[in-house]
Amino acid sequence: MKCIFFQVIFLFFMVSLLKAQSDVSGMVQDRTSRKSIDFVDVFNLSNKAQTLTNAKGEFKIKASVNDLLVF
């Protein structure tokens, strides 16, 4: 009985870790000049999170694996 209890707890813990969102960070740059682009809207279509790039073109947003980000 104890073995099954620990397996259920372990499974619950693993599922919660796999579903957990984390911060994804990056930089938006122009393709040809490689200069950073400031104040670009960044949207996560999966969880409706949004942010804006800073003056250096950097951003940080909550996202999970397979989320779709739109710039």
# chains A, B, ... in the order shown; residues from 1 in each chain; ligands from 1
>>> residues_around(residues="A:Asn47", least_positions_apart="4", cutoff="10 Å", atoms="only C-alpha atoms", output="list in words")
Gln21, Phe43, Lys62, Ala63, Ser64, Asp67, Leu68 and Leu69 of chain A
>>> residues_around(residues="A:Ile37", least_positions_apart="5", cutoff="10 Å", atoms="only C-alpha atoms", output="list in words")
Met27, Val28, Gln29, Asp30, Thr53, Asn54, Ala55, Lys56, Gly57 and Glu58 of chain A
>>> write_last_selection(atoms="all heavy atoms", output="compact mmCIF listing (two decimals), in the first residue's frame")
# COMPACT_ATOMS: atom_id res chain seq x y z
N MET A 27 16.03 37.93 -27.41
CA MET A 27 16.29 39.25 -27.97
C MET A 27 15.72 39.30 -29.38
O MET A 27 15.86 38.34 -30.14
CB MET A 27 17.79 39.52 -28.00
CG MET A 27 18.14 40.88 -28.58
SD MET A 27 19.91 41.16 -28.66
CE MET A 27 20.28 41.40 -26.94
N VAL A 28 15.09 40.40 -29.72
CA VAL A 28 14.55 40.60 -31.06
C VAL A 28 15.54 41.46 -31.84
O VAL A 28 15.92 42.54 -31.39
CB VAL A 28 13.17 41.29 -31.00
CG1 VAL A 28 12.63 41.52 -32.40
CG2 VAL A 28 12.20 40.46 -30.17
N GLN A 29 15.98 40.93 -33.00
CA GLN A 29 16.96 41.62 -33.83
C GLN A 29 16.47 41.70 -35.27
O GLN A 29 15.73 40.83 -35.73
CB GLN A 29 18.29 40.87 -33.84
CG GLN A 29 18.98 40.80 -32.52
CD GLN A 29 20.27 40.00 -32.60
OE1 GLN A 29 20.40 39.09 -33.41
NE2 GLN A 29 21.22 40.35 -31.76
N ASP A 30 16.93 42.73 -35.98
CA ASP A 30 16.69 42.84 -37.41
C ASP A 30 17.50 41.76 -38.12
O ASP A 30 18.66 41.51 -37.77
CB ASP A 30 17.12 44.22 -37.89
CG ASP A 30 16.87 44.40 -39.36
OD1 ASP A 30 15.71 44.54 -39.74
OD2 ASP A 30 17.86 44.38 -40.13
N THR A 53 9.55 44.31 -25.54
CA THR A 53 11.01 44.29 -25.46
C THR A 53 11.49 45.61 -24.88
O THR A 53 10.86 46.65 -25.05
CB THR A 53 11.66 44.06 -26.84
OG1 THR A 53 11.28 45.11 -27.72
CG2 THR A 53 11.27 42.72 -27.43
N ASN A 54 12.64 45.56 -24.20
CA ASN A 54 13.20 46.78 -23.61
C ASN A 54 14.01 47.54 -24.66
O ASN A 54 14.00 47.19 -25.84
CB ASN A 54 14.03 46.45 -22.37
CG ASN A 54 15.24 45.58 -22.66
OD1 ASN A 54 15.65 45.42 -23.81
ND2 ASN A 54 15.81 45.01 -21.63
N ALA A 55 14.72 48.56 -24.22
CA ALA A 55 15.51 49.40 -25.14
C ALA A 55 16.63 48.62 -25.85
O ALA A 55 17.10 49.04 -26.90
CB ALA A 55 16.09 50.59 -24.39
N LYS A 56 17.04 47.49 -25.27
CA LYS A 56 18.08 46.65 -25.88
C LYS A 56 17.48 45.53 -26.73
O LYS A 56 18.21 44.69 -27.23
CB LYS A 56 18.96 46.03 -24.81
CG LYS A 56 19.72 47.05 -23.99
CD LYS A 56 20.52 46.35 -22.91
CE LYS A 56 21.20 47.34 -21.99
NZ LYS A 56 21.91 46.65 -20.90
N GLY A 57 16.16 45.48 -26.85
CA GLY A 57 15.50 44.44 -27.63
C GLY A 57 15.30 43.15 -26.87
O GLY A 57 14.89 42.14 -27.45
N GLU A 58 15.55 43.13 -25.57
CA GLU A 58 15.43 41.92 -24.75
C GLU A 58 14.02 41.79 -24.19
O GLU A 58 13.35 42.78 -23.92
CB GLU A 58 16.43 41.98 -23.59
CG GLU A 58 17.86 42.14 -24.05
CD GLU A 58 18.79 42.52 -22.92
OE1 GLU A 58 18.34 43.13 -21.93
OE2 GLU A 58 19.99 42.22 -23.05
>>> closest_residue(among="A:Asp23, A:Val70, A:Phe59, A:Val65", to="A:Phe39", atoms="only C-alpha atoms")
A:Phe59
>>> atom_distance(atom1="atom CA of A:Ser36", atom2="atom CA of A:Leu52")
13.1 Å
>>> atom_distance(atom1="atom CA of A:Lys35", atom2="atom CA of A:Phe71")
15.9 Å
>>> select_by_dssp(residues="stretch 14-51 of chain A", states="strand (DSSP E)", output="PyMOL selection string")
chain A and resi 22-27+41-44+50-51
>>> write_last_selection(atoms="N, CA and C atoms", output="compact mmCIF listing (two decimals), in the first residue's frame")
# COMPACT_ATOMS: atom_id res chain seq x y z
N SER A 22 7.80 28.39 -17.25
CA SER A 22 9.02 29.06 -16.81
C SER A 22 9.20 30.33 -17.64
N ASP A 23 10.13 31.14 -17.22
CA ASP A 23 10.42 32.36 -17.96
C ASP A 23 11.29 32.02 -19.17
N VAL A 24 10.87 32.50 -20.31
CA VAL A 24 11.64 32.37 -21.54
C VAL A 24 12.14 33.76 -21.88
N SER A 25 13.42 33.88 -22.14
CA SER A 25 13.96 35.19 -22.46
C SER A 25 14.64 35.13 -23.82
N GLY A 26 14.76 36.29 -24.44
CA GLY A 26 15.40 36.35 -25.74
C GLY A 26 15.62 37.79 -26.17
N MET A 27 16.03 37.93 -27.41
CA MET A 27 16.29 39.25 -27.97
C MET A 27 15.72 39.30 -29.38
N ASP A 41 6.09 44.16 -29.33
CA ASP A 41 5.13 43.38 -28.55
C ASP A 41 5.42 41.89 -28.72
N VAL A 42 5.43 41.16 -27.61
CA VAL A 42 5.63 39.71 -27.61
C VAL A 42 4.40 39.08 -26.95
N PHE A 43 3.71 38.19 -27.67
CA PHE A 43 2.51 37.54 -27.16
C PHE A 43 2.71 36.04 -27.11
N ASN A 44 2.23 35.42 -26.03
CA ASN A 44 2.16 33.98 -25.93
C ASN A 44 0.70 33.62 -26.19
N GLN A 50 1.69 38.52 -22.24
CA GLN A 50 2.27 39.47 -23.19
C GLN A 50 3.31 40.32 -22.48
N THR A 51 4.24 40.81 -23.27
CA THR A 51 5.29 41.68 -22.76
C THR A 51 5.80 42.56 -23.90
>>> select_by_dssp(residues="stretch 10-67 of chain A", states="helix (DSSP H, G or I)", output="ChimeraX atom specification")
/A:10-19
>>> write_last_selection(atoms="N, CA, C and O atoms", output="short mmCIF file (atom, residue, chain, number, x, y, z; two decimals), in the first residue's frame")
data_model
loop_
_atom_site.label_atom_id
_atom_site.label_comp_id
_atom_site.auth_asym_id
_atom_site.auth_seq_id
_atom_site.Cartn_x
_atom_site.Cartn_y
_atom_site.Cartn_z
N PHE A 10 4.70 10.57 -6.52
CA PHE A 10 5.75 10.81 -7.50
C PHE A 10 5.16 11.21 -8.85
O PHE A 10 5.62 12.16 -9.49
N LEU A 11 4.13 10.50 -9.30
CA LEU A 11 3.49 10.82 -10.57
C LEU A 11 2.89 12.22 -10.54
O LEU A 11 3.04 12.98 -11.48
N PHE A 12 2.22 12.57 -9.47
CA PHE A 12 1.63 13.90 -9.34
C PHE A 12 2.72 14.97 -9.40
O PHE A 12 2.58 15.99 -10.06
N PHE A 13 3.84 14.74 -8.72
CA PHE A 13 4.95 15.68 -8.72
C PHE A 13 5.53 15.85 -10.13
O PHE A 13 5.79 16.96 -10.57
N MET A 14 5.70 14.77 -10.86
CA MET A 14 6.26 14.83 -12.20
C MET A 14 5.33 15.55 -13.17
O MET A 14 5.78 16.34 -13.99
N VAL A 15 4.03 15.29 -13.07
CA VAL A 15 3.08 15.96 -13.95
C VAL A 15 3.08 17.46 -13.69
O VAL A 15 3.07 18.26 -14.62
N SER A 16 3.14 17.85 -12.43
CA SER A 16 3.16 19.27 -12.12
C SER A 16 4.44 19.94 -12.64
O SER A 16 4.42 21.08 -13.08
N LEU A 17 5.56 19.22 -12.61
CA LEU A 17 6.81 19.78 -13.15
C LEU A 17 6.75 19.92 -14.67
O LEU A 17 7.23 20.89 -15.23
N LEU A 18 6.15 18.94 -15.34
CA LEU A 18 6.09 18.98 -16.78
C LEU A 18 5.16 20.08 -17.28
O LEU A 18 5.36 20.65 -18.34
N LYS A 19 4.11 20.37 -16.52
CA LYS A 19 3.16 21.40 -16.90
C LYS A 19 3.60 22.79 -16.45
O LYS A 19 2.98 23.77 -16.82
#
